[in-house]
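Peer 1: Handing you a structure now.
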Amino acid sequence: MNVLDAARTANNGKPVPVVYASSAAVYGDNASVPLSEDTLPRPISAYGADKLGSELHARVAWLVHGVPTVGMRFFNVYGPRQDPHSPYSGVISIFIDRIIKGIP
């Protein structure tokens with residue numbers, strides 16, 4: 001909310017765009033595969049609920065204050081040193097670990 005508020009007044013009162021990271025976690029355990037942007041969000045974790053809440057705050061910032069926003073619902077994110085054995089690890093780090101070990 002602080003970022004959205006700052007964006008509202010950052011350019012001499014003219015709102016500046018905000019691009020933010022959301023997550024596929026907003027969809028929860030959804031049997032509607034493949035998912036699309038029109039799929040109803042049904043988060044089943046606090047993380048997913050928080051990301052959906054951020055999307056709703058961004059929507060209100062646009063509707064009430066004219067702050068342009070874009071939320072990206074990332075699915076499989078990978079970063080250096082990501083632990084492929086973590087329960088929060090995405091499929092990409094698991095694939096890379098298997099490639100390094102020569103496992104199909």
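Convention: chains lettered A, B, ... in structure tokens order; per-chain residue numbering from 1; ligands numbered from 1 as shown.
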As an NGL selection string, please: every residue in chain A that a backbone DSSP assignment puts in strand (DSSP E or B).
Peer 2: :A and (11 or 14 or 18-23 or 69-74)
Peer 1: Within 8 Å of A:Ala49, counting only C-alpha atoms, which residues show up once you throw out same-chain ones fewer than 6 positions away? Write them as a PyMOL selection string, please.
Peer 2: chain A and resi 25-26+43
Peer 1: Near stretch 6-12 of chain A, within 8 Å and counting only C-alpha atoms, which residues show up once chain neighbours fewer than 6 positions away are dropped, as a PyMOL selection string?
Peer 2: chain A and resi 18+65-67
Peer 1: Go through A:Phe75, A:Leu4, A:His85, A:Ile103 and flag the residue nearest A:Leu56, using only C-alpha atoms for the distances.
Peer 2: A:Leu4
Peer 1: As an exercise, work out the distance from atom CA of A:Asn76 to atom CA of A:Ala24 in Å and give it to one decimal place.
Peer 2: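 Answer for the atom CA of A:Asn76 to atom CA of A:Ala24 separation: 8.7 Å.
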Peer 1: Here is a test: counting only C-alpha atoms, which residue of A:Ser22, A:Gly13, A:Ile96, A:Lys101 is nearest to A:Met72?
Peer 2: A:Ser22
Peer 1: Report, in Å to a single decimal, how far apart atom CA of A:Gly28 and atom CA of A:Pro41 are.
Peer 2: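 So the two atoms, atom CA of A:Pro41 and atom CA of A:Gly28, lie 7.1 Å apart.
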